[in-house]
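Asks: Have a look at the structure that comes next, please.
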Amino acid sequence: MVTPVPSDSPRRGRSTRGVALITTVILLLMLGALGASLITMLEARLLSVTLEVDRLQASYLAEAGLARALYEITKDRDAFGPNGVGVIAPTAFGPGFFWVDKDPKSQVLIGTGVVRDVRRVIVNKY
C-alpha cells in the first residue's frame, strides 16, 4: 500500500519552487531576446533616417551653390572668387560643402552638394 505525501511536506515545496525558477528563467530569456531585437530594429531605423537627412542636406547644398552661380551670371561678375562667372569653387557650408561647374556651350550649371559620404548633383539650364 502507498501512503500519500502530506501537502505540507518539504518535498512538495521544492518541486513547486523548481518549476517557478525554470519558468522565470525562460520568461527572462524571452524578454531579453525581445529587447535585443527591438534595439536592432531601432538602430536600423536611426541609420535610415540619418541617411535621408544627409541626402536632403546635400540636395540643399547643391541648390545653394546653383543660387550663387545664378547670382553671378545675372550680375555678370565673379562675385565669389577669380574662377569665372558662374563657377563656384568647393565651399564649406553647414554640415558639408558644395561647388558648381559651368558648361557655357550648352548653358548648363552643375551644382554638387556633399554631406559625409552622400553626394547630390543638380543640373540647371540657364
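Residues in the C-alpha cells are named by chain (A, B, ... in the order shown) and by number from 1 within that chain; ligands are numbered from 1 in the order shown.
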When DSSP works through the backbone of this structure, what residues of chain A end up as strand (DSSP E), shown as a ChimeraX atom specification?

Replies: /A:88-93,96-103,108-115,118-125

Asks: Where in chain A does DSSP assign helix (DSSP H, G or I), given as a PyMOL selection string?

Replies: chain A and resi 10-75

Asks: Have a look at CA of Gly86 in chain A and CA of Asn124 in chain A and let me know their distance in Å, one decimal.

Replies: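 Interatomic distance, CA of Gly86 in chain A to CA of Asn124 in chain A: 11.8 Å.
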
Asks: Counting only C-alpha atoms, figure out which residue out of A:Asp117, A:Glu43, A:Glu52, A:Glu63 gets nearest to Trp99 in chain A.

Replies: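 Counting only C-alpha atoms, the residue closest to Trp99 in chain A is A:Glu63.
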